[in-house]
Amino acid sequence: MTAYLVRRLITAAIVVLGVTVITFVLLHIVSPSPGRVVLGLRASLQAVATWNRQHGYDSPIWVQYWHYLDQNLHGNLGFSYKLNESVNTLFAQNAGRSALLSGSALVLALVVAIPLGIFQAVKRNTPGDYVLTSGAFITYSMPTFFLGLILIEIFALDLNWLPSEASQSQSVLGVIQQANWMILPVVTLAAVQVASFSRYMRSSAIDTLAQDYIRVAKAKGLSQRMILTRHLLRNACLPIVTLVGLSIPSLLAGNLITENVFNYKGMGVLFFNSLSNEDYPVLLAYSLVAGVLTVIGNLVADVSLGLADPRIRLK
Amino acid sequence: MRDTLKRRGLVAVGSMAAASMVAVAVTGGVSSATSGTHQVKAHASSSLPGLYGNIPAPSGKPVNGGTVSIAENPGAGPNYIFPIVPSALSSVFTIYQFQYLMWRPLYWAPVGATPTIDPGLSLASAPTFSNGDKTVTIHMKTNWTWSDGAPVDAADVEFYVDILKAAVKESAANSGNYSPGYFPDNVASMSVPSKYTLVMHLTKSYNPQWFYLDELGLIVPLPSTAWSKASPSGSTLAFTNPANAKKIYDFLNAQSKNLATFDTNPLWQVVDGPYHLTSYTSSNNAATLSANNTYTLGKPHITTVQLVPFTSTAAEFNQLRSGTLDVGQLDFTDLPQVPQLRRQGYNVFGYPDFGFNYMAFNFLDKTGDWNHIVAQLYVRQALAHLIDEPGYIQGIFKGAAVPSYGVAPKYPTSPYTPADNLNPLYPYSTSSAKSLLTSHGWKIVGGTMTCEKAGSGATACGAGIPVGTKLAFNIDCATIFTFVCQQVDSFVSDAAVIGVKIAATQKTFNFILSNDNDVSAPSNDNKWAMTDFGGFTNSVYPTTNTLFNTGGSYNFGAFNDPTMNSLINASVYGGNPTAVKNELSYASKALPGLFQPAFDLVWAYKNTIQGPVNSFASLSQYFLQPEMWWVK
């Protein structure tokens, strides 16, 4: 297991390095002279050249990359010249809020999707299964922003039950204290995940229900509740473990659409604005963090799978 | 030319910066710059022809107290507080809608939506020019004071200029308003003969009206007594010493980079504007400002102004719908819901800012002999006939736009709008376009307009255009707003009717900025024939200097016309205070690009908020004047 982890970590480091190289080169190709974009059209050539020189953009690309890598290794993600803040500060301000939104949605999705999937598997090809399957397809195919706007229209603007935007508190604790402000964004985000997870869960549960050990359990006269909780749940959840692992990047990397619709400034909005402004340091740091989280997510999924299912050996 | 890129999400401020509002009554402002031989007056209009929606006249008596929440532009909250703003952070949202609430410009414009100086809100009377227009004398008003009790005097103007000089000497990028050779480079020296009089000696003679409106309008007097230091507890430095000025600038700039202390730093509490900052959240740029009880023109009625951040226009509109936001801007996609918003108690109006939208030609693109083709005025005129302004206004802008046939749009009206900018010189007509081309040796061959008669005669295609040349080219359009490419699509469609083949490609705004500009990327000259990125916002004195003159810093497609150059020179360096009218008149005929309608900035505000019409109309020019409002 230790050797496996060491190997995976080395591979992960190489992957992350690859992500930094590709992102850096692509951004350089798109706009080799960021000074023009940063300073605007009316900036003089002199100002653009000065700015590029001050920020090292007149150096060869490999020198620029080396500086970028060096500052990252020292924990410095750069400075956003469009937002007048260090990228570390920007991430610190936004990551917690994004993680809270995405994490809450993920938990809610799991809590709903797992029993839903099992129910559909047990009640396979019944009217209840058909209704839930149709609902899942509709929700899954619905754009998040559209779902969000519909929920706002109904529950905030028409019924006036909930606020039409997410909590505006800038601290995670403050957001938690305004839980009712987070209902609509969390539900919006969770709905699509529920649709996805429940399909996986249904499929996996159907496979598991056909296994010999389930038949043996039934033959032994165990109650259905015992069969489902003791024998089916853990085995059927294996695909969900992988899905949850792969969801880790979105926990911090944010959910752009939901954040935008519900006026919830987080990592998604930060990324979107930085993309619009070609805010290089933020884009590079965001790609780096997303790359790291993806690698971690994969690793967590693999290790968790091994722990959840002893038949899987990590070598 | 203010050279403000028309990109609502991130509009960079150019040179002239001012707005206006007068007391409760809706009155016009008058501005004038006097020279030895001329005097110009710019009268504001109290009515708003061309207004989308309505701005009701105020009712009831002003009431003191209350809070108003105003939407910040999504993704463009203020993040720099020191009024000499670096290029990277310069935007109308930071300067006009945040800083100007605290620090007032020397000369304030517009009056409502009208681009003209408001003497009532200006900190100085109109300047006088002497010595062949090489010396400018500014007479400060004697009644303005800082919130710490110090007078706003000539030293504060001198302080601004000295600190600005230090800033741009350090880096040209340290001021978004800076263009090398212009202000403050063109100020050779200054003197303060009396407490309220400042004399500037210029490096050369300038058109007084241009210098007044476009250069002096940049000045924001700063509290020299409170800010002339290099550390929080440092002693007062003599800012006229360049070495000290640099130290002061470095200190103030560093303080302005510390967003977390915007609301607690004592420096930023010394203001001469109607509000001062009481709360600022660095993570989302939310700001709360409270009334400055010592504001020279009287304590504002509204005691608290909240600048509310938004992540998207959809989120902002939802807050308007829910009634939790008092003032906000609408996207064009929201216009069908305006009636509902009105029923909910909002006034909705729209008006264009003073500027123009256009599709720029690239006069250097040799692809398919385009450089020779576009050099022909009749070709540009034919293409101008394909701009369906009435159709765009009704179809694309849903009525929230006004016609524009040149640099000065039909509305808002400016004293410098030439008469021939008010009506179409080249009205929409595919038949006229076709006729112009066919009368110059072009013919539709195999569905494409093709040159059949080479040469430079009156009925030939023009010099350098060989027989068989096809009128086919490409155009880039910016995706920043949906309507930009929608207009281009319509243009392409109309062109196809007469056999002009145009390939439109959508590009990001920043891509166009970086690549479709001869000045920025000369190596790309043969990659684009036309581009549509939006347009520019005009300054009060709307010269196209640096935009349409040969070698101009922002001359997108290298338009090169000696007549244009001399007219621009007259606007900037000549003695005729209305020279810019001739310049704009010529630009609309010479067609350095194809002019498009000027779209409205549509605003909604709760009908419980009352105030002079002009104080709301100025929203269309990006200016906030909540000090003139009250809550009913």
# chains A, B, ... in the order shown; residues from 1 in each chain; ligands from 1
$ interface_residues --of "chain A" --to "chain B" --cutoff "7 Å" --atoms "only C-alpha atoms" --output "count of residues only"
26
$ residues_around --residues "stretch 276-281 of chain A" --least-positions-apart "3" --cutoff "6 Å" --atoms "only C-alpha atoms" --output "list of chain:residue names"
A:Gly78, A:Ser80, A:Asn273, A:Leu284
$ residues_around --residues "stretch 382-395 of chain B" --least-positions-apart "6" --cutoff "10 Å" --atoms "only C-alpha atoms" --output "PyMOL selection string"
chain B and resi 374+401-405+424-437+483+486-488+490-495+497-498+500+591+593-599
$ residues_around --residues "B:Ala590" --least-positions-apart "6" --cutoff "12 Å" --atoms "only C-alpha atoms" --output "list in words"
Phe361, Val374, Ala375, Gln376, Leu377, Tyr378, Val379, Arg380, Gln381, Ala384, Tyr405, Gly406, Val407, Leu425, Tyr426, Phe548, Phe559, Asn560, Asp561, Pro562, Thr563, Met564, Asn565, Glu583 and Leu584 of chain B
$ residues_around --residues "stretch 214-231 of chain A" --least-positions-apart "3" --cutoff "10 Å" --atoms "only C-alpha atoms" --output "PyMOL selection string"
chain A and resi 118-119+122+205+208-211+234-236
